[in-house]
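Asks: Enclosed is the structure file final-v2.txt (compact mmCIF, C-alpha atoms).
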# COMPACT_ATOMS: atom_id res chain seq x y z
CA ARG L 90 -1.14 -1.56 18.55
CA TYR L 91 -0.25 -2.68 15.03
CA MET L 92 2.04 0.30 14.47
CA GLY L 93 3.65 -0.30 17.84
CA SER L 94 4.44 -3.88 16.94
CA LYS L 95 5.94 -2.75 13.62
CA ILE L 96 7.95 0.22 14.91
CA LEU L 97 11.26 -1.65 14.85
CA GLU L 98 10.67 -2.83 11.28
CA VAL L 99 9.57 0.61 10.16
CA THR L 100 12.64 2.21 11.73
CA VAL L 101 14.98 -0.27 10.05
CA TYR L 102 13.23 0.25 6.69
CA LEU L 103 13.43 4.02 7.05
CA ILE L 104 17.15 3.87 7.83
CA LEU L 105 17.77 1.48 4.92
CA ALA L 106 15.67 3.63 2.58
CA PHE L 107 17.55 6.75 3.66
CA PHE L 108 20.94 5.15 2.98
CA MET L 109 19.78 3.58 -0.27
CA ILE L 110 18.46 6.87 -1.61
CA ASN L 111 21.45 8.78 -0.30
CA ALA L 112 23.85 6.32 -1.96
CA GLN L 113 22.22 7.12 -5.31
CA GLY L 114 23.31 10.74 -4.92
CA ALA L 115 19.85 12.19 -4.35
CA ASP L 116 19.47 15.65 -2.88
CA ILE L 117 18.00 16.18 0.58
CA LEU L 118 14.62 17.26 -0.80
CA TYR L 119 14.31 13.99 -2.71
CA VAL L 120 15.20 12.02 0.42
CA PHE L 121 12.57 13.93 2.40
CA PHE L 122 9.85 13.34 -0.21
CA ALA L 123 10.81 9.68 -0.55
CA LEU L 124 10.61 9.08 3.21
CA ILE L 125 7.21 10.82 3.38
CA PHE L 126 6.03 8.65 0.50
CA LEU L 127 7.35 5.53 2.23
CA LEU L 128 5.38 6.32 5.39
CA LEU L 129 2.23 7.12 3.43
CA ALA L 130 2.55 3.91 1.42
CA PHE L 131 2.93 1.91 4.64
CA LEU L 132 -0.20 3.53 6.10
CA MET L 133 -2.15 3.01 2.88
CA PHE L 134 -1.22 -0.67 2.72
CA PHE L 135 -2.28 -1.08 6.36
CA MET L 136 -5.66 0.44 5.48
CA CYS L 137 -5.93 -1.82 2.42
CA VAL L 138 -5.27 -4.92 4.52
CA SER L 139 -7.75 -3.66 7.13
CA VAL L 140 -10.47 -3.38 4.49
CA ILE L 141 -9.67 -6.87 3.23
CA SER L 142 -9.80 -8.22 6.79
CA THR L 143 -13.40 -7.07 7.20
CA ILE L 144 -14.41 -9.75 4.67
CA GLY L 145 -14.12 -12.12 7.64
CA PHE L 146 -17.51 -10.93 8.84
CA TRP L 147 -19.16 -12.54 5.80
CA ILE L 148 -16.75 -15.35 4.87
CA ILE L 149 -15.79 -17.73 7.66
CA GLN L 150 -12.96 -19.53 5.87
CA MET L 151 -10.68 -16.78 4.61
CA TRP L 152 -7.56 -18.88 4.12
CA PRO L 153 -8.37 -19.67 0.44
CA LEU L 154 -8.36 -15.94 -0.28
CA ARG L 155 -4.73 -15.65 0.77
CA SER L 156 -3.38 -17.16 -2.44
CA ILE L 157 -5.74 -15.04 -4.54
CA LEU L 158 -4.70 -11.84 -2.76
CA THR L 159 -1.03 -12.78 -3.03
CA ALA L 160 -1.41 -13.37 -6.77
CA ILE L 161 -3.18 -10.03 -7.21
CA TYR L 162 -0.45 -8.27 -5.25
CA LEU L 163 2.34 -9.94 -7.25
CA LEU L 164 0.70 -9.16 -10.60
CA MET L 165 -0.67 -5.68 -9.94
CA GLY L 166 2.27 -4.65 -7.79
CA GLY L 167 4.78 -5.20 -10.54
CA LEU L 168 6.65 -7.93 -8.70
CA TYR L 169 6.33 -10.56 -11.44
CA PHE L 170 7.18 -8.11 -14.21
CA PRO L 171 7.73 -4.33 -14.32
CA LEU L 172 4.46 -2.54 -14.91
CA ASP L 173 6.06 -0.03 -17.26
CA LEU L 174 6.39 -2.82 -19.83
CA LEU L 175 2.61 -2.70 -20.28
CA PRO L 176 0.98 -0.44 -22.89
CA LYS L 177 0.68 3.12 -21.59
CA PRO L 178 -3.12 3.11 -20.96
CA TYR L 179 -2.87 -0.05 -18.84
CA TYR L 180 0.18 1.25 -17.02
CA MET L 181 -1.54 4.54 -16.18
CA VAL L 182 -4.48 2.69 -14.61
CA LEU L 183 -2.49 0.00 -12.78
CA SER L 184 0.17 2.39 -11.46
CA VAL L 185 -2.32 4.15 -9.19
CA THR L 186 -3.63 1.01 -7.48
CA PRO L 187 -2.53 0.34 -3.89
CA PHE L 188 -0.65 -2.78 -4.93
CA ALA L 189 1.38 -0.93 -7.57
CA ILE L 190 2.07 1.96 -5.20
CA VAL L 191 3.62 -0.28 -2.54
CA GLY L 192 5.37 -2.49 -5.07
CA HIS L 193 6.38 -0.94 -8.37
CA VAL L 194 6.22 2.76 -7.55
CA LEU L 195 7.96 2.44 -4.18
CA THR L 196 10.78 0.50 -5.81
CA LYS L 197 11.23 3.21 -8.44
CA VAL L 198 11.27 5.90 -5.76
CA LEU L 199 13.80 4.06 -3.57
CA THR L 200 16.12 3.50 -6.52
CA CYS L 201 15.95 7.20 -7.51
CA GLN L 202 14.41 6.55 -10.91
CA VAL L 203 11.84 9.32 -10.62
CA GLU L 204 11.65 13.08 -10.11
CA ASN L 205 10.38 15.00 -7.09
CA THR L 206 7.12 15.93 -8.85
CA PHE L 207 6.47 12.24 -9.49
CA ILE L 208 6.85 11.51 -5.78
CA LEU L 209 4.50 14.35 -4.86
CA TYR L 210 1.95 13.10 -7.38
CA TYR L 211 2.02 9.64 -5.81
CA CYS L 212 1.90 11.11 -2.29
CA LEU L 213 -1.36 12.78 -3.32
CA ILE L 214 -2.70 9.56 -4.87
CA THR L 215 -1.70 7.66 -1.71
CA LEU L 216 -3.49 10.18 0.52
CA ILE L 217 -6.62 9.82 -1.59
CA TRP L 218 -6.40 6.03 -1.22
CA ILE L 219 -5.93 6.35 2.56
CA VAL L 220 -9.06 8.49 2.92
CA PHE L 221 -11.07 6.24 0.59
CA LEU L 222 -9.96 3.02 2.31
CA TYR L 223 -10.58 4.51 5.76
CA TYR L 224 -14.12 5.42 4.70
CA ILE L 225 -14.76 1.95 3.24
CA TYR L 226 -13.25 0.30 6.34
CA ASN L 227 -15.59 2.22 8.66
CA ILE L 228 -18.63 1.27 6.56
CA LEU L 229 -17.69 -2.40 6.36
CA LEU L 230 -16.76 -2.56 10.04
CA SER L 231 -20.06 -1.07 11.20
CA LYS L 232 -22.07 -3.37 8.91
CA GLY L 233 -19.94 -6.35 9.90
CA LEU L 234 -20.35 -5.70 13.62
CA LYS L 235 -24.12 -5.63 13.15
CA LYS L 236 -23.95 -9.01 11.43
CA TYR L 237 -21.41 -10.53 13.83
CA GLU L 238 -22.56 -13.29 16.13
CA GLY L 239 -20.23 -14.31 18.92
CA MET L 240 -20.27 -17.68 20.62
CA GLY L 241 -23.12 -17.91 23.08
CA ASN L 242 -25.08 -14.94 21.67
Can you present the structure in this file as structure tokens?

Replies:
Amino acid sequence: RYMGSKILEVTVYLILAFFMINAQGADILYVFFALIFLLLAFLMFFMCVSVISTIGFWIIQMWPLRSILTAIYLLMGGLYFPLDLLPKPYYMVLSVTPFAIVGHVLTKVLTCQVENTFILYYCLITLIWIVFLYYIYNILLSKGLKKYEGMGN
């Protein structure tokens, strides 16, 4: 249902990404890898948000967490400052987090600042995150549903 409601946005983003990458003079293989990475990053971020949403089983008022999560995304995603300005050890750790993948890394890929092997490396990292987050989501959802009390129960 979520993907269905976002299909128009995803299509527009894919078309824009294709033209943006193509305008940079990238070869067709780069465009293909970049679009695959874009789709994987979208799926990974959906799984990340799904895991975060399961916190609602244990915390009733989740609205205060929104500003904290936004701040984490802006800092760790490289939106406040480029992550590659950090010392190399910190950059290597932060660049493989979901927030950095959908922020900093995706921006570098869409502006053709990386090589094909870099994109494949991050596709693999993104797939690992998708599997991990899916596993965590299933665990939290099953535990949360056991704890859940609906009105009148």

Asks: With a distance cut-off of 8 Å and only C-alpha atoms, select the neighbouring residues of segment 231-234 of chain L, excluding the residue or stretch itself and same-chain residues fewer than 5 positions from it, and output the selection as a compact mmCIF listing (two decimals) with C-alpha atoms, keeping the file's coordinate frame.

Replies:
# COMPACT_ATOMS: atom_id res chain seq x y z
CA THR L 143 -13.40 -7.07 7.20
CA PHE L 146 -17.51 -10.93 8.84
CA TRP L 147 -19.16 -12.54 5.80

Asks: Please report the interatomic distance between atom CA of Phe121 of chain L and atom CA of Ala106 of chain L in Å with one decimal.

Replies: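 Here the two named atoms are 10.8 Å from each other.
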
Asks: For the point (-3.4, 1.3, 0.4) in file coordinates, what residues are within 10 Å, counting only C-alpha atoms? Give the answer as a PyMOL selection string?

Replies: chain L and resi 129-140+186-191+214-223

Asks: Counting all atoms listed in the file, find the residues whose atoms lie at most 12 Å from (14.2, 4.1, 6.5) (file coordinates) and write them out as a list in words.

Replies: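 I get Ile96, Leu97, Glu98, Val99, Thr100, Val101, Tyr102, Leu103, Ile104, Leu105, Ala106, Phe107, Phe108, Met109, Ile110, Asn111, Val120, Phe121, Ala123, Leu124, Ile125, Phe126, Leu127, Leu128, Phe131 and Leu199 of chain L for the residues within 12 Å of that point.
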
Asks: Can you measure atom CA of Ala160 of chain L to atom CA of Gly192 of chain L for me? One decimal in Å is fine.

Replies: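 That distance, rounded to one decimal, is 12.9 Å.
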
Asks: Could you please determine the separation between atom CA of Arg155 of chain L and atom CA of Ile141 of chain L in Å, to one decimal place?

Replies: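 So the answer is 10.4 Å.
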
Asks: With distances taken over only C-alpha atoms, which residue among L:Leu229, L:Ile148, L:Leu195, L:Met165 lies nearest Val182 of chain L?

Replies: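 Selected residue with least distance to Val182 of chain L: L:Met165.
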
Asks: Within 12 Å of Asp173 of chain L, counting all atoms listed in the file, which residues show up once you throw out same-chain ones fewer than 4 positions away? Write them as a list in words, please.

Replies: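 So the residues in contact are Met165, Gly166, Gly167, Leu168, Lys177, Pro178, Tyr179, Tyr180, Met181, Val182, Leu183, Ser184, Ala189, His193, Val194 and Lys197 of chain L.
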